[in-house]
>>> print(open('query.txt').read())   # compact mmCIF, N, CA and C atoms and all ligand atoms
# COMPACT_ATOMS: atom_id res chain seq x y z
N MET A 222 93.29 80.70 119.69
CA MET A 222 92.98 81.95 120.40
C MET A 222 91.53 81.91 120.89
N ALA A 223 91.30 82.48 122.04
CA ALA A 223 89.94 82.51 122.58
C ALA A 223 89.03 83.35 121.69
N THR A 224 87.74 83.06 121.74
CA THR A 224 86.81 83.77 120.86
C THR A 224 86.46 85.15 121.39
N ASN A 225 87.05 85.56 122.52
CA ASN A 225 86.80 86.93 122.99
C ASN A 225 87.91 87.88 122.55
N ARG A 226 88.59 87.52 121.46
CA ARG A 226 89.64 88.39 120.93
C ARG A 226 89.38 88.73 119.47
N THR A 227 89.84 89.93 119.09
CA THR A 227 89.80 90.31 117.68
C THR A 227 91.12 90.95 117.30
N PHE A 228 91.29 91.16 116.01
CA PHE A 228 92.53 91.76 115.51
C PHE A 228 92.20 93.05 114.79
N THR A 229 93.04 94.08 114.98
CA THR A 229 92.82 95.35 114.30
C THR A 229 94.11 95.87 113.70
N MET A 230 93.97 96.70 112.68
CA MET A 230 95.07 97.53 112.19
C MET A 230 94.55 98.96 112.10
N LEU A 231 95.33 99.91 112.63
CA LEU A 231 95.12 101.32 112.32
C LEU A 231 95.89 101.53 111.03
N LYS A 232 95.18 101.85 109.97
CA LYS A 232 95.73 101.80 108.61
C LYS A 232 96.62 103.03 108.35
N PRO A 233 97.40 103.00 107.24
CA PRO A 233 98.36 104.08 107.00
C PRO A 233 97.77 105.49 107.03
N ASP A 234 96.55 105.68 106.55
CA ASP A 234 95.96 107.03 106.56
C ASP A 234 95.75 107.52 107.99
N ALA A 235 95.32 106.64 108.89
CA ALA A 235 95.10 107.03 110.29
C ALA A 235 96.42 107.40 110.96
N VAL A 236 97.47 106.63 110.66
CA VAL A 236 98.79 106.92 111.24
C VAL A 236 99.33 108.23 110.67
N GLU A 237 99.22 108.42 109.35
CA GLU A 237 99.72 109.65 108.70
C GLU A 237 99.08 110.90 109.30
N LYS A 238 97.79 110.80 109.60
CA LYS A 238 97.04 111.97 110.09
C LYS A 238 97.21 112.21 111.59
N GLY A 239 97.97 111.35 112.26
CA GLY A 239 98.21 111.53 113.69
C GLY A 239 97.06 111.10 114.57
N HIS A 240 96.27 110.12 114.10
CA HIS A 240 95.09 109.69 114.84
C HIS A 240 95.29 108.47 115.73
N ILE A 241 96.54 108.00 115.87
CA ILE A 241 96.77 106.79 116.67
C ILE A 241 96.22 106.96 118.09
N GLY A 242 96.60 108.05 118.74
CA GLY A 242 96.20 108.24 120.13
C GLY A 242 94.70 108.32 120.30
N ALA A 243 94.04 109.10 119.45
CA ALA A 243 92.58 109.27 119.57
C ALA A 243 91.86 107.95 119.34
N ILE A 244 92.31 107.18 118.35
CA ILE A 244 91.62 105.91 118.06
C ILE A 244 91.86 104.90 119.18
N LEU A 245 93.09 104.82 119.69
CA LEU A 245 93.35 103.88 120.79
C LEU A 245 92.55 104.28 122.04
N GLU A 246 92.42 105.59 122.27
CA GLU A 246 91.62 106.06 123.40
C GLU A 246 90.18 105.59 123.27
N LYS A 247 89.64 105.70 122.06
CA LYS A 247 88.25 105.29 121.83
C LYS A 247 88.09 103.77 122.00
N ILE A 248 89.09 103.03 121.52
CA ILE A 248 89.06 101.57 121.66
C ILE A 248 89.08 101.19 123.14
N SER A 249 89.95 101.82 123.90
CA SER A 249 90.04 101.52 125.34
C SER A 249 88.77 101.94 126.07
N ALA A 250 88.25 103.12 125.75
CA ALA A 250 87.03 103.62 126.40
C ALA A 250 85.82 102.75 126.08
N SER A 251 85.90 101.98 124.99
CA SER A 251 84.80 101.10 124.60
C SER A 251 84.93 99.71 125.22
N GLY A 252 85.91 99.53 126.10
CA GLY A 252 85.99 98.29 126.87
C GLY A 252 86.93 97.24 126.33
N PHE A 253 87.70 97.58 125.30
CA PHE A 253 88.65 96.62 124.76
C PHE A 253 90.00 96.75 125.47
N LYS A 254 90.58 95.61 125.81
CA LYS A 254 91.90 95.56 126.42
C LYS A 254 92.91 95.20 125.33
N ILE A 255 94.00 95.96 125.25
CA ILE A 255 95.04 95.66 124.27
C ILE A 255 95.93 94.55 124.83
N VAL A 256 96.01 93.42 124.12
CA VAL A 256 96.83 92.29 124.59
C VAL A 256 98.07 92.05 123.72
N ALA A 257 98.16 92.77 122.59
CA ALA A 257 99.37 92.79 121.76
C ALA A 257 99.28 94.04 120.91
N MET A 258 100.45 94.69 120.64
CA MET A 258 100.40 95.89 119.79
C MET A 258 101.79 96.22 119.26
N LYS A 259 101.85 96.70 118.00
CA LYS A 259 103.13 97.18 117.45
C LYS A 259 102.88 98.11 116.27
N LEU A 260 103.88 99.00 116.04
CA LEU A 260 103.94 99.80 114.83
C LEU A 260 104.77 99.02 113.83
N THR A 261 104.21 98.80 112.63
CA THR A 261 104.90 97.98 111.64
C THR A 261 104.48 98.43 110.26
N GLN A 262 105.10 97.88 109.23
CA GLN A 262 104.71 98.23 107.86
C GLN A 262 104.54 96.95 107.07
N LEU A 263 103.43 96.84 106.35
CA LEU A 263 103.18 95.66 105.53
C LEU A 263 104.02 95.71 104.26
N THR A 264 104.59 94.57 103.89
CA THR A 264 105.20 94.44 102.56
C THR A 264 104.07 94.18 101.56
N LYS A 265 104.43 94.27 100.27
CA LYS A 265 103.43 93.97 99.23
C LYS A 265 102.92 92.53 99.40
N ALA A 266 103.84 91.61 99.68
CA ALA A 266 103.43 90.21 99.86
C ALA A 266 102.51 90.06 101.07
N ASP A 267 102.82 90.79 102.16
CA ASP A 267 101.96 90.75 103.35
C ASP A 267 100.53 91.19 103.00
N ALA A 268 100.44 92.36 102.33
CA ALA A 268 99.11 92.92 102.03
C ALA A 268 98.35 92.02 101.06
N GLU A 269 99.06 91.45 100.10
CA GLU A 269 98.39 90.56 99.14
C GLU A 269 97.87 89.31 99.84
N GLU A 270 98.62 88.82 100.84
CA GLU A 270 98.16 87.65 101.58
C GLU A 270 97.02 88.03 102.52
N PHE A 271 97.19 89.15 103.21
CA PHE A 271 96.18 89.56 104.21
C PHE A 271 94.82 89.78 103.56
N TYR A 272 94.81 90.40 102.38
CA TYR A 272 93.56 90.72 101.70
C TYR A 272 93.32 89.81 100.49
N ALA A 273 93.88 88.58 100.53
CA ALA A 273 93.78 87.66 99.40
C ALA A 273 92.33 87.41 98.98
N ILE A 274 91.41 87.47 99.92
CA ILE A 274 90.00 87.23 99.59
C ILE A 274 89.48 88.23 98.56
N HIS A 275 90.15 89.39 98.47
CA HIS A 275 89.70 90.44 97.54
C HIS A 275 90.53 90.50 96.26
N ASN A 276 91.35 89.45 95.98
CA ASN A 276 92.33 89.62 94.90
C ASN A 276 91.74 89.66 93.50
N GLU A 277 90.47 89.36 93.36
CA GLU A 277 89.81 89.49 92.05
C GLU A 277 89.06 90.81 91.92
N ARG A 278 89.01 91.59 93.01
CA ARG A 278 88.19 92.81 92.99
C ARG A 278 88.92 93.94 92.27
N PRO A 279 88.16 94.85 91.65
CA PRO A 279 88.80 95.93 90.88
C PRO A 279 89.66 96.86 91.73
N PHE A 280 89.39 96.93 93.04
CA PHE A 280 90.15 97.84 93.90
C PHE A 280 91.38 97.19 94.53
N PHE A 281 91.67 95.92 94.17
CA PHE A 281 92.73 95.19 94.88
C PHE A 281 94.10 95.86 94.78
N ALA A 282 94.50 96.29 93.59
CA ALA A 282 95.83 96.90 93.43
C ALA A 282 95.92 98.19 94.26
N ASP A 283 94.86 98.99 94.23
CA ASP A 283 94.84 100.22 95.04
C ASP A 283 94.89 99.89 96.53
N LEU A 284 94.20 98.83 96.94
CA LEU A 284 94.17 98.42 98.34
C LEU A 284 95.58 98.03 98.81
N VAL A 285 96.29 97.27 97.99
CA VAL A 285 97.65 96.84 98.35
C VAL A 285 98.58 98.05 98.41
N GLU A 286 98.46 98.95 97.44
CA GLU A 286 99.28 100.18 97.43
C GLU A 286 99.04 101.00 98.70
N TYR A 287 97.78 101.18 99.03
CA TYR A 287 97.37 101.95 100.23
C TYR A 287 97.90 101.32 101.51
N MET A 288 97.71 100.02 101.65
CA MET A 288 98.05 99.35 102.91
C MET A 288 99.56 99.21 103.13
N THR A 289 100.34 99.44 102.06
CA THR A 289 101.80 99.28 102.18
C THR A 289 102.54 100.61 102.17
N ARG A 290 101.82 101.72 102.08
CA ARG A 290 102.52 103.00 101.81
C ARG A 290 103.14 103.63 103.06
N GLY A 291 102.84 103.12 104.22
CA GLY A 291 103.42 103.66 105.45
C GLY A 291 103.10 102.74 106.61
N PRO A 292 103.57 103.12 107.80
CA PRO A 292 103.35 102.24 108.95
C PRO A 292 101.89 102.11 109.35
N ILE A 293 101.60 101.00 109.96
CA ILE A 293 100.29 100.71 110.56
C ILE A 293 100.51 100.38 112.04
N VAL A 294 99.45 100.44 112.81
CA VAL A 294 99.48 99.87 114.16
C VAL A 294 98.66 98.58 114.12
N ALA A 295 99.30 97.47 114.43
CA ALA A 295 98.63 96.18 114.51
C ALA A 295 98.39 95.86 115.98
N ALA A 296 97.22 95.34 116.31
CA ALA A 296 96.93 95.02 117.71
C ALA A 296 95.92 93.89 117.82
N ILE A 297 96.04 93.14 118.91
CA ILE A 297 95.02 92.15 119.30
C ILE A 297 94.27 92.73 120.48
N LEU A 298 92.94 92.67 120.42
CA LEU A 298 92.07 93.28 121.43
C LEU A 298 91.22 92.22 122.09
N GLU A 299 90.97 92.39 123.38
CA GLU A 299 90.18 91.42 124.15
C GLU A 299 88.96 92.09 124.76
N LYS A 300 87.83 91.43 124.62
CA LYS A 300 86.56 91.90 125.19
C LYS A 300 85.53 90.80 124.95
N ASP A 301 84.51 90.70 125.78
CA ASP A 301 83.42 89.79 125.46
C ASP A 301 82.87 90.15 124.08
N ASN A 302 82.58 89.14 123.28
CA ASN A 302 81.96 89.39 121.96
C ASN A 302 82.82 90.34 121.11
N ALA A 303 84.15 90.16 121.17
CA ALA A 303 85.08 91.14 120.61
C ALA A 303 84.89 91.40 119.12
N VAL A 304 84.76 90.33 118.31
CA VAL A 304 84.71 90.52 116.86
C VAL A 304 83.51 91.39 116.47
N GLU A 305 82.34 91.00 116.95
CA GLU A 305 81.11 91.72 116.57
C GLU A 305 81.12 93.14 117.16
N ASP A 306 81.49 93.25 118.43
CA ASP A 306 81.46 94.58 119.06
C ASP A 306 82.47 95.53 118.42
N PHE A 307 83.60 94.99 117.99
CA PHE A 307 84.59 95.88 117.37
C PHE A 307 84.13 96.33 115.98
N ARG A 308 83.49 95.43 115.23
CA ARG A 308 82.94 95.84 113.93
C ARG A 308 81.89 96.93 114.13
N THR A 309 81.11 96.83 115.19
CA THR A 309 80.13 97.89 115.49
C THR A 309 80.85 99.20 115.80
N LEU A 310 81.92 99.11 116.59
CA LEU A 310 82.67 100.32 116.98
C LEU A 310 83.32 101.00 115.78
N ILE A 311 83.81 100.22 114.80
CA ILE A 311 84.47 100.87 113.65
C ILE A 311 83.47 101.39 112.64
N GLY A 312 82.32 100.78 112.50
CA GLY A 312 81.30 101.27 111.57
C GLY A 312 81.45 100.67 110.18
N ALA A 313 80.56 101.07 109.28
CA ALA A 313 80.51 100.51 107.93
C ALA A 313 81.79 100.80 107.16
N THR A 314 82.07 99.92 106.17
CA THR A 314 83.27 100.07 105.33
C THR A 314 83.36 101.46 104.72
N ASN A 315 82.22 101.94 104.20
CA ASN A 315 82.16 103.29 103.64
C ASN A 315 81.79 104.28 104.74
N PRO A 316 82.67 105.23 105.07
CA PRO A 316 82.35 106.15 106.17
C PRO A 316 81.07 106.94 105.96
N GLU A 317 80.66 107.09 104.70
CA GLU A 317 79.38 107.79 104.45
C GLU A 317 78.21 107.00 105.02
N ASP A 318 78.37 105.68 105.14
CA ASP A 318 77.31 104.82 105.67
C ASP A 318 77.51 104.49 107.15
N ALA A 319 78.62 104.93 107.71
CA ALA A 319 78.96 104.55 109.10
C ALA A 319 78.13 105.37 110.09
N ALA A 320 77.74 104.72 111.19
CA ALA A 320 76.93 105.38 112.21
C ALA A 320 77.72 106.49 112.90
N GLU A 321 76.99 107.48 113.39
CA GLU A 321 77.61 108.57 114.14
C GLU A 321 78.42 108.01 115.31
N GLY A 322 79.59 108.59 115.55
CA GLY A 322 80.40 108.19 116.70
C GLY A 322 81.31 107.01 116.43
N THR A 323 81.14 106.32 115.28
CA THR A 323 82.03 105.20 114.98
C THR A 323 83.39 105.73 114.53
N ILE A 324 84.40 104.85 114.62
CA ILE A 324 85.76 105.27 114.28
C ILE A 324 85.85 105.69 112.82
N ARG A 325 85.19 104.94 111.93
CA ARG A 325 85.26 105.32 110.51
C ARG A 325 84.49 106.62 110.25
N LYS A 326 83.38 106.83 110.93
CA LYS A 326 82.66 108.10 110.75
C LYS A 326 83.55 109.27 111.17
N LEU A 327 84.30 109.07 112.25
CA LEU A 327 85.11 110.15 112.80
C LEU A 327 86.42 110.36 112.03
N TYR A 328 87.04 109.26 111.56
CA TYR A 328 88.42 109.37 111.09
C TYR A 328 88.67 108.88 109.66
N ALA A 329 87.69 108.26 109.00
CA ALA A 329 87.92 107.74 107.65
C ALA A 329 87.57 108.79 106.60
N ALA A 330 88.37 108.80 105.52
CA ALA A 330 88.14 109.77 104.44
C ALA A 330 87.24 109.21 103.35
N SER A 331 87.27 107.90 103.12
CA SER A 331 86.55 107.33 101.97
C SER A 331 86.42 105.82 102.17
N ILE A 332 85.68 105.18 101.27
CA ILE A 332 85.54 103.71 101.34
C ILE A 332 86.91 103.04 101.14
N SER A 333 87.79 103.66 100.39
CA SER A 333 89.11 103.07 100.12
C SER A 333 90.06 103.28 101.28
N GLU A 334 90.05 104.49 101.84
CA GLU A 334 90.98 104.84 102.93
C GLU A 334 90.15 105.05 104.18
N ASN A 335 89.93 103.96 104.89
CA ASN A 335 88.92 103.99 105.95
C ASN A 335 89.47 103.74 107.36
N ALA A 336 90.72 104.09 107.56
CA ALA A 336 91.31 104.29 108.90
C ALA A 336 91.61 103.05 109.72
N VAL A 337 90.74 102.04 109.63
CA VAL A 337 90.88 100.93 110.58
C VAL A 337 90.36 99.63 109.99
N HIS A 338 90.97 98.53 110.40
CA HIS A 338 90.52 97.19 110.05
C HIS A 338 90.00 96.49 111.30
N GLY A 339 88.98 95.67 111.11
CA GLY A 339 88.53 94.79 112.18
C GLY A 339 88.22 93.42 111.60
N SER A 340 88.70 92.35 112.27
CA SER A 340 88.43 90.99 111.80
C SER A 340 86.93 90.76 111.67
N ASP A 341 86.55 89.90 110.69
CA ASP A 341 85.12 89.68 110.46
C ASP A 341 84.60 88.35 111.01
N SER A 342 85.47 87.56 111.65
CA SER A 342 85.02 86.30 112.27
C SER A 342 86.06 85.90 113.33
N ASP A 343 85.66 85.02 114.23
CA ASP A 343 86.60 84.52 115.23
C ASP A 343 87.76 83.79 114.56
N GLU A 344 87.43 83.02 113.52
CA GLU A 344 88.47 82.27 112.81
C GLU A 344 89.49 83.22 112.18
N ASN A 345 88.99 84.27 111.52
CA ASN A 345 89.93 85.22 110.90
C ASN A 345 90.69 86.03 111.95
N ALA A 346 90.06 86.32 113.07
CA ALA A 346 90.76 87.03 114.15
C ALA A 346 91.99 86.23 114.59
N ALA A 347 91.83 84.93 114.73
CA ALA A 347 92.95 84.07 115.15
C ALA A 347 94.03 84.02 114.08
N ILE A 348 93.63 83.88 112.82
CA ILE A 348 94.60 83.81 111.71
C ILE A 348 95.36 85.14 111.60
N GLU A 349 94.62 86.25 111.65
CA GLU A 349 95.24 87.58 111.47
C GLU A 349 96.14 87.94 112.66
N GLY A 350 95.73 87.58 113.86
CA GLY A 350 96.56 87.84 115.03
C GLY A 350 97.87 87.07 114.95
N ALA A 351 97.77 85.81 114.53
CA ALA A 351 98.96 84.96 114.42
C ALA A 351 99.88 85.40 113.28
N PHE A 352 99.30 86.08 112.28
CA PHE A 352 100.08 86.61 111.16
C PHE A 352 101.08 87.65 111.68
N HIS A 353 100.71 88.41 112.71
CA HIS A 353 101.52 89.53 113.19
C HIS A 353 102.25 89.28 114.51
N PHE A 354 101.74 88.36 115.33
CA PHE A 354 102.29 88.24 116.69
C PHE A 354 102.56 86.78 117.05
N SER A 355 103.69 86.58 117.75
CA SER A 355 103.96 85.27 118.33
C SER A 355 103.34 85.21 119.72
N GLY A 356 103.30 84.04 120.27
CA GLY A 356 102.73 83.87 121.60
C GLY A 356 103.40 84.74 122.65
N ARG A 357 104.74 84.89 122.56
CA ARG A 357 105.45 85.65 123.61
C ARG A 357 105.20 87.14 123.52
N ASP A 358 104.64 87.61 122.40
CA ASP A 358 104.30 89.04 122.25
C ASP A 358 102.82 89.31 122.50
N THR A 359 102.12 88.31 123.00
CA THR A 359 100.68 88.43 123.25
C THR A 359 100.43 88.16 124.72
N PHE A 360 99.63 89.02 125.36
CA PHE A 360 99.47 88.95 126.83
C PHE A 360 98.06 88.56 127.24
P1 LIG B 1 88.58 95.56 106.59
O1 LIG B 1 88.66 94.15 106.06
O2 LIG B 1 89.79 96.40 106.24
O3 LIG B 1 88.26 95.59 108.06
O4 LIG B 1 87.34 96.31 105.87
P2 LIG B 1 85.86 95.75 105.66
O5 LIG B 1 85.74 94.35 106.17
O6 LIG B 1 84.92 96.76 106.24
O7 LIG B 1 85.73 95.81 104.09
P3 LIG B 1 86.18 94.73 103.02
O8 LIG B 1 85.02 94.49 102.11
O9 LIG B 1 86.83 93.54 103.67
O10 LIG B 1 87.27 95.54 102.18
C1 LIG B 1 88.61 95.58 102.60
C2 LIG B 1 89.16 96.96 102.38
O11 LIG B 1 89.29 97.22 100.99
C3 LIG B 1 89.10 98.61 100.74
N1 LIG B 1 87.97 98.79 99.84
N2 LIG B 1 87.99 99.64 98.85
N3 LIG B 1 87.25 101.20 96.59
C4 LIG B 1 86.40 100.32 97.07
O12 LIG B 1 85.30 100.15 96.59
C5 LIG B 1 86.81 99.54 98.24
N4 LIG B 1 86.06 98.62 98.82
C6 LIG B 1 86.82 98.14 99.85
C7 LIG B 1 88.83 99.27 102.07
O13 LIG B 1 90.08 99.72 102.63
C8 LIG B 1 88.27 98.12 102.87
O14 LIG B 1 88.35 98.34 104.24
MG MG B 2 87.12 92.83 105.62
>>> encode(input="query.txt", output="structure tokens")
Amino acid sequence: MATNRTFTMLKPDAVEKGHIGAILEKISASGFKIVAMKLTQLTKADAEEFYAIHNERPFFADLVEYMTRGPIVAAILEKDNAVEDFRTLIGATNPEDAAEGTIRKLYAASISENAVHGSDSDENAAIEGAFHFSGRDTF
């Protein structure tokens, strides 16, 4: 995958609260083009694999429970400098630390339930995008 792409999930709390439209609007208004997107639900095995880097952390079981409790929106986004710019757009992991106007400041309830995921490197963006989408579902 080209390095001008990143991967996102609108997490179960954002979907439950009806924030899909507002968050996608903000993503589009910030210059990101959606090149793949679907409503889906992670299985326990999916969430454990997706967040495997955190499997020794004390919050891991809660994270897996949270990420599997309802549907998510998975998407691949395209923009120059996509990974870094999208992390800036979503804000800090803890919404209390997130900058004004960021997606987490606007829509996240807590460090645990923080509305949105953004890949943290070009390599992970490619891995995470391929986890959810085949080539024919990516534009
Ligand atoms: P993400 O991977 O979802 O984009 O979030 P991130 O990079 O900002 O944060 P990361 O350190 O990768 O943590 C992954 C997700 O785990 C949950 N978390 N809970 N209770 C806690 O202290 C805690 N810390 C992290 C959050 O859902 C976080 O986004
Ligand atoms: Mg992360």
>>> closest_atom_pairs(input="query.txt", of="chain A", to="ligand LIG 1 (chain B)", cutoff="6 Å", atoms="only C-alpha atoms and all ligand atoms", output="Markdown table")
| residue | atom | partner | partner_atom | distance |
| --- | --- | --- | --- | --- |
| A:Phe280 | CA | B:LIG1 | N3 | 5.2 |
| A:Leu284 | CA | B:LIG1 | C3 | 5.6 |
| A:Thr314 | CA | B:LIG1 | O6 | 3.8 |
| A:Ile332 | CA | B:LIG1 | C5 | 5.3 |
| A:Ser333 | CA | B:LIG1 | N2 | 3.8 |
| A:Glu334 | CA | B:LIG1 | O13 | 5.2 |
| A:Asn335 | CA | B:LIG1 | O13 | 5.5 |
| A:His338 | CA | B:LIG1 | O3 | 3.4 |
| A:Gly339 | CA | B:LIG1 | O3 | 4.2 |
| A:Ser340 | CA | B:LIG1 | O3 | 5.9 |
>>> write_last_selection(input="query.txt", atoms="N, CA and C atoms", output="PDB file, in the frame of the given file")
ATOM      1  N   PHE A 280      89.390  96.930  93.040  1.00  0.00           N
ATOM      2  CA  PHE A 280      90.150  97.840  93.900  1.00  0.00           C
ATOM      3  C   PHE A 280      91.380  97.190  94.530  1.00  0.00           C
ATOM      4  N   LEU A 284      94.200  98.830  96.940  1.00  0.00           N
ATOM      5  CA  LEU A 284      94.170  98.420  98.340  1.00  0.00           C
ATOM      6  C   LEU A 284      95.580  98.030  98.810  1.00  0.00           C
ATOM      7  N   THR A 314      82.070  99.920 106.170  1.00  0.00           N
ATOM      8  CA  THR A 314      83.270 100.070 105.330  1.00  0.00           C
ATOM      9  C   THR A 314      83.360 101.460 104.720  1.00  0.00           C
ATOM     10  N   ILE A 332      85.680 105.180 101.270  1.00  0.00           N
ATOM     11  CA  ILE A 332      85.540 103.710 101.340  1.00  0.00           C
ATOM     12  C   ILE A 332      86.910 103.040 101.140  1.00  0.00           C
ATOM     13  N   SER A 333      87.790 103.660 100.390  1.00  0.00           N
ATOM     14  CA  SER A 333      89.110 103.070 100.120  1.00  0.00           C
ATOM     15  C   SER A 333      90.060 103.280 101.280  1.00  0.00           C
ATOM     16  N   GLU A 334      90.050 104.490 101.840  1.00  0.00           N
ATOM     17  CA  GLU A 334      90.980 104.840 102.930  1.00  0.00           C
ATOM     18  C   GLU A 334      90.150 105.050 104.180  1.00  0.00           C
ATOM     19  N   ASN A 335      89.930 103.960 104.890  1.00  0.00           N
ATOM     20  CA  ASN A 335      88.920 103.990 105.950  1.00  0.00           C
ATOM     21  C   ASN A 335      89.470 103.740 107.360  1.00  0.00           C
ATOM     22  N   HIS A 338      90.970  98.530 110.400  1.00  0.00           N
ATOM     23  CA  HIS A 338      90.520  97.190 110.050  1.00  0.00           C
ATOM     24  C   HIS A 338      90.000  96.490 111.300  1.00  0.00           C
ATOM     25  N   GLY A 339      88.980  95.670 111.110  1.00  0.00           N
ATOM     26  CA  GLY A 339      88.530  94.790 112.180  1.00  0.00           C
ATOM     27  C   GLY A 339      88.220  93.420 111.600  1.00  0.00           C
ATOM     28  N   SER A 340      88.700  92.350 112.270  1.00  0.00           N
ATOM     29  CA  SER A 340      88.430  90.990 111.800  1.00  0.00           C
ATOM     30  C   SER A 340      86.930  90.760 111.670  1.00  0.00           C
TER      31      SER A 340
END
>>> residues_around(input="query.txt", residues="Thr264 of chain A", least_positions_apart="6", cutoff="10 Å", atoms="only C-alpha atoms", output="ChimeraX atom specification")
/A:270,285-286,288-291
>>> atom_distance(input="query.txt", atom1="atom CA of Phe307 of chain A", atom2="atom C of Phe228 of chain A")
8.5 Å
>>> select_by_dssp(input="query.txt", residues="chain A", states="helix (DSSP H, G or I)", output="ChimeraX atom specification")
/A:233-237,241-250,265-271,273-275,281-288,303-311,316-318,324-328,343-353,356-358
>>> closest_residue(input="query.txt", among="A:Ala250, A:Leu260, A:Ala336, A:Ile244", to="Ala296 of chain A", atoms="only N, CA and C atoms")
A:Leu260
>>> atom_distance(input="query.txt", atom1="atom CA of Ala351 of chain A", atom2="atom N of Ile297 of chain A")
9.8 Å
>>> closest_residue(input="query.txt", among="A:Tyr272, A:His353, A:Glu237, A:Leu298", to="ligand MG 2 (chain B)", atoms="only C-alpha atoms and all ligand atoms")
A:Tyr272
>>> residues_near_point(input="query.txt", point="(81.4, 90.2, 117.7)", cutoff="10 Å", atoms="only C-alpha atoms", output="PyMOL selection string")
chain A and resi 224-227+300-309+340-343
>>> atom_distance(input="query.txt", atom1="atom CA of Ala243 of chain A", atom2="atom N of Asp358 of chain A")
25.0 Å
>>> closest_residue(input="query.txt", among="A:Ile293, A:Val236, A:Ala257, A:Met230", to="Gly356 of chain A", atoms="only C-alpha atoms")
A:Ala257
>>> select_by_dssp(input="query.txt", residues="segment 260-312 of chain A", states="strand (DSSP E)", output="PyMOL selection string")
chain A and resi 260-261+293-299
>>> residues_around(input="query.txt", residues="Phe352 of chain A", least_positions_apart="3", cutoff="12 Å", atoms="only C-alpha atoms", output="compact mmCIF listing (two decimals) with N, CA and C atoms, in the frame of the given file")
# COMPACT_ATOMS: atom_id res chain seq x y z
N PHE A 228 91.29 91.16 116.01
CA PHE A 228 92.53 91.76 115.51
C PHE A 228 92.20 93.05 114.79
N THR A 229 93.04 94.08 114.98
CA THR A 229 92.82 95.35 114.30
C THR A 229 94.11 95.87 113.70
N LEU A 263 103.43 96.84 106.35
CA LEU A 263 103.18 95.66 105.53
C LEU A 263 104.02 95.71 104.26
N ASP A 267 102.82 90.79 102.16
CA ASP A 267 101.96 90.75 103.35
C ASP A 267 100.53 91.19 103.00
N ALA A 268 100.44 92.36 102.33
CA ALA A 268 99.11 92.92 102.03
C ALA A 268 98.35 92.02 101.06
N GLU A 270 98.62 88.82 100.84
CA GLU A 270 98.16 87.65 101.58
C GLU A 270 97.02 88.03 102.52
N PHE A 271 97.19 89.15 103.21
CA PHE A 271 96.18 89.56 104.21
C PHE A 271 94.82 89.78 103.56
N ALA A 295 99.30 97.47 114.43
CA ALA A 295 98.63 96.18 114.51
C ALA A 295 98.39 95.86 115.98
N ALA A 296 97.22 95.34 116.31
CA ALA A 296 96.93 95.02 117.71
C ALA A 296 95.92 93.89 117.82
N ILE A 297 96.04 93.14 118.91
CA ILE A 297 95.02 92.15 119.30
C ILE A 297 94.27 92.73 120.48
N ASN A 345 88.99 84.27 111.52
CA ASN A 345 89.93 85.22 110.90
C ASN A 345 90.69 86.03 111.95
N ALA A 346 90.06 86.32 113.07
CA ALA A 346 90.76 87.03 114.15
C ALA A 346 91.99 86.23 114.59
N ALA A 347 91.83 84.93 114.73
CA ALA A 347 92.95 84.07 115.15
C ALA A 347 94.03 84.02 114.08
N ILE A 348 93.63 83.88 112.82
CA ILE A 348 94.60 83.81 111.71
C ILE A 348 95.36 85.14 111.60
N GLU A 349 94.62 86.25 111.65
CA GLU A 349 95.24 87.58 111.47
C GLU A 349 96.14 87.94 112.66
N SER A 355 103.69 86.58 117.75
CA SER A 355 103.96 85.27 118.33
C SER A 355 103.34 85.21 119.72
N GLY A 356 103.30 84.04 120.27
CA GLY A 356 102.73 83.87 121.60
C GLY A 356 103.40 84.74 122.65
>>> axis_aligned_box(input="query.txt", around="segment 223-234 of chain A", padding_each_side="4 Å", output="AutoDock Vina command-line options")
--center_x 92.4 --center_y 95.0 --center_z 114.8 --size_x 19.9 --size_y 33.0 --size_z 24.4
>>> residues_around(input="query.txt", residues="segment 323-331 of chain A", least_positions_apart="6", cutoff="6 Å", atoms="only N, CA and C atoms", output="PyMOL selection string")
chain A and resi 310-312+314-316
>>> residues_around(input="query.txt", residues="Phe281 of chain A", least_positions_apart="6", cutoff="10 Å", atoms="only C-alpha atoms", output="mmCIF file with N, CA and C atoms, in the coordinates of the input")
data_model
loop_
_atom_site.group_PDB
_atom_site.id
_atom_site.type_symbol
_atom_site.label_atom_id
_atom_site.label_comp_id
_atom_site.auth_asym_id
_atom_site.auth_seq_id
_atom_site.Cartn_x
_atom_site.Cartn_y
_atom_site.Cartn_z
ATOM 1 N N ALA A 268 100.440 92.360 102.330
ATOM 2 C CA ALA A 268 99.110 92.920 102.030
ATOM 3 C C ALA A 268 98.350 92.020 101.060
ATOM 4 N N GLU A 269 99.060 91.450 100.100
ATOM 5 C CA GLU A 269 98.390 90.560 99.140
ATOM 6 C C GLU A 269 97.870 89.310 99.840
ATOM 7 N N TYR A 272 94.810 90.400 102.380
ATOM 8 C CA TYR A 272 93.560 90.720 101.700
ATOM 9 C C TYR A 272 93.320 89.810 100.490
ATOM 10 N N ALA A 273 93.880 88.580 100.530
ATOM 11 C CA ALA A 273 93.780 87.660 99.400
ATOM 12 C C ALA A 273 92.330 87.410 98.980
ATOM 13 N N ILE A 274 91.410 87.470 99.920
ATOM 14 C CA ILE A 274 90.000 87.230 99.590
ATOM 15 C C ILE A 274 89.480 88.230 98.560
ATOM 16 N N HIS A 275 90.150 89.390 98.470
ATOM 17 C CA HIS A 275 89.700 90.440 97.540
ATOM 18 C C HIS A 275 90.530 90.500 96.260
ATOM 19 N N TYR A 287 97.780 101.180 99.030
ATOM 20 C CA TYR A 287 97.370 101.950 100.230
ATOM 21 C C TYR A 287 97.900 101.320 101.510
#
